[in-house]
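One file, model-v3.txt, carrying compact mmCIF, C-alpha atoms:
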# COMPACT_ATOMS: atom_id res chain seq x y z
CA MET X 12 0.00 0.00 0.00
CA LEU X 13 2.76 2.47 0.88
CA GLU X 14 4.55 1.53 -2.34
CA ARG X 15 1.55 2.52 -4.46
CA ASN X 16 1.25 5.95 -2.88
CA LYS X 17 4.87 7.03 -2.60
CA ILE X 18 5.57 10.71 -2.30
CA SER X 19 6.82 11.91 -5.64
CA ASN X 20 7.03 15.18 -7.51
CA ASN X 21 6.43 17.03 -4.22
CA LYS X 22 3.04 15.35 -3.77
CA LEU X 23 2.19 14.18 -0.28
CA ALA X 24 0.37 10.89 0.17
CA LEU X 25 -2.17 10.76 2.97
CA TYR X 26 -3.79 7.56 4.24
CA SER X 27 -7.19 7.11 5.84
CA ARG X 28 -7.78 5.39 9.17
CA ARG X 29 -9.09 2.36 7.29
CA ASP X 30 -5.96 2.20 5.10
CA VAL X 31 -3.65 2.33 8.11
CA ALA X 32 -5.66 -0.19 10.13
CA GLU X 33 -5.52 -2.62 7.20
CA LEU X 34 -1.78 -2.05 6.79
CA LEU X 35 -1.10 -2.67 10.48
CA LYS X 36 -3.57 -5.59 10.58
CA ILE X 37 -5.53 -4.07 13.47
CA GLY X 38 -9.03 -2.74 13.94
CA ILE X 39 -9.90 0.93 13.61
CA SER X 40 -10.69 1.15 17.34
CA SER X 41 -7.20 -0.22 18.12
CA LEU X 42 -5.72 2.34 15.72
CA ASP X 43 -7.67 5.13 17.43
CA ALA X 44 -6.24 3.98 20.79
CA ILE X 45 -2.65 4.58 19.64
CA PRO X 46 -1.56 7.91 21.15
CA GLU X 47 -0.87 10.70 18.73
CA SER X 48 2.59 10.99 20.29
CA GLU X 49 3.34 7.51 18.87
CA LEU X 50 1.53 7.81 15.52
CA ALA X 51 1.11 11.36 14.25
CA ARG X 52 -2.16 12.34 12.58
CA VAL X 53 -3.18 15.11 10.23
CA ARG X 54 -6.63 16.54 10.84
CA LEU X 55 -8.40 18.04 7.83
CA GLY X 56 -11.78 19.22 9.00
CA LYS X 57 -13.45 16.09 10.38
CA SER X 58 -11.11 13.75 8.50
CA ILE X 59 -8.08 12.14 10.08
CA ARG X 60 -5.20 11.17 7.80
CA PHE X 61 -1.73 9.73 8.26
CA THR X 62 1.43 10.43 6.26
CA SER X 63 3.65 7.62 5.02
CA ASP X 64 6.48 9.08 7.13
CA SER X 65 4.46 8.87 10.35
CA ILE X 66 3.36 5.30 9.56
CA LEU X 67 6.92 4.14 8.83
CA LYS X 68 8.26 5.91 11.94
CA TYR X 69 5.63 4.14 14.07
CA ILE X 70 6.45 0.73 12.58
CA LYS X 71 10.20 1.28 13.08
CA SER X 72 9.65 2.29 16.71
CA LYS X 73 7.70 -0.92 17.35
CA GLU X 74 10.32 -2.95 15.53
CA SER X 75 13.12 -1.62 17.73
CA ASN X 76 11.00 -2.18 20.88
CA SER X 77 10.43 -5.83 19.99
CA LYS X 78 14.15 -6.52 19.46
CA GLY X 79 15.05 -5.76 23.07
CA GLY X 80 12.07 -7.33 24.80
CA ASP X 81 12.42 -11.04 24.06

Please go through the file and, once you have read it, give me the structure as structure tokens.
Amino acid sequence: MLERNKISNNKLALYSRRDVAELLKIGISSLDAIPESELARVRLGKSIRFTSDSILKYIKSKESNSKGGD
């Protein structure tokens, strides 16, 4: 999904809550429970969107947390 919507030619890709929940393989309510300090959001009116950078940063932070906690 992130591959398809790469940022190119100065265009910013934004992902919906549904897109991100599907990518992370979690429900939307679980996504909503993630603090904004861990997964940054962009609010456009009533819509909530996520940038590819914030999604990748969140995944990398979880990846590094899991390496030390076995």

* To do: Considering all atoms listed in the file, state which residue in the set X:Arg28, X:Lys78, X:Lys71, X:Lys57 is at the smallest distance from X:Leu42.
  => X:Arg28

* To do: Tell me which of X:Asn76, X:Ser41, X:Ser48, X:Ser27 sits closest to X:Arg60, counting all atoms listed in the file.
  => X:Ser27

* Once you count all atoms listed in the file, which residues end up no further than 8 Å from (-1.7, 8.8, 8.4) in the file's frame, shown as an NGL selection string? -> :X and (25-28 or 31 or 50-53 or 59-63 or 65-66)

* To do: Go through X:Ser77, X:Arg29, X:Ile70, X:Ala44 one by one, measure the shortest atom-to-atom distance of each to X:Ser58 using all atoms listed in the file, and give the residue with the smallest value.
  =>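 Smallest distance to X:Ser58 is found for X:Arg29.
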
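Our summary of the geometry notes that atom CA of X:Gly38 is positioned 20.7 Å from atom CA of X:Asp64.
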
* Asked: What does the distance between atom CA of X:Ile45 and atom CA of X:Ala24 come to in Å, to one decimal place?
  ->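 Taking atom CA of X:Ile45 and atom CA of X:Ala24, their separation equals 20.7 Å.
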
* Asked: By how many Å are atom CA of X:Leu55 and atom CA of X:Asp30 apart?
  -> 16.3 Å
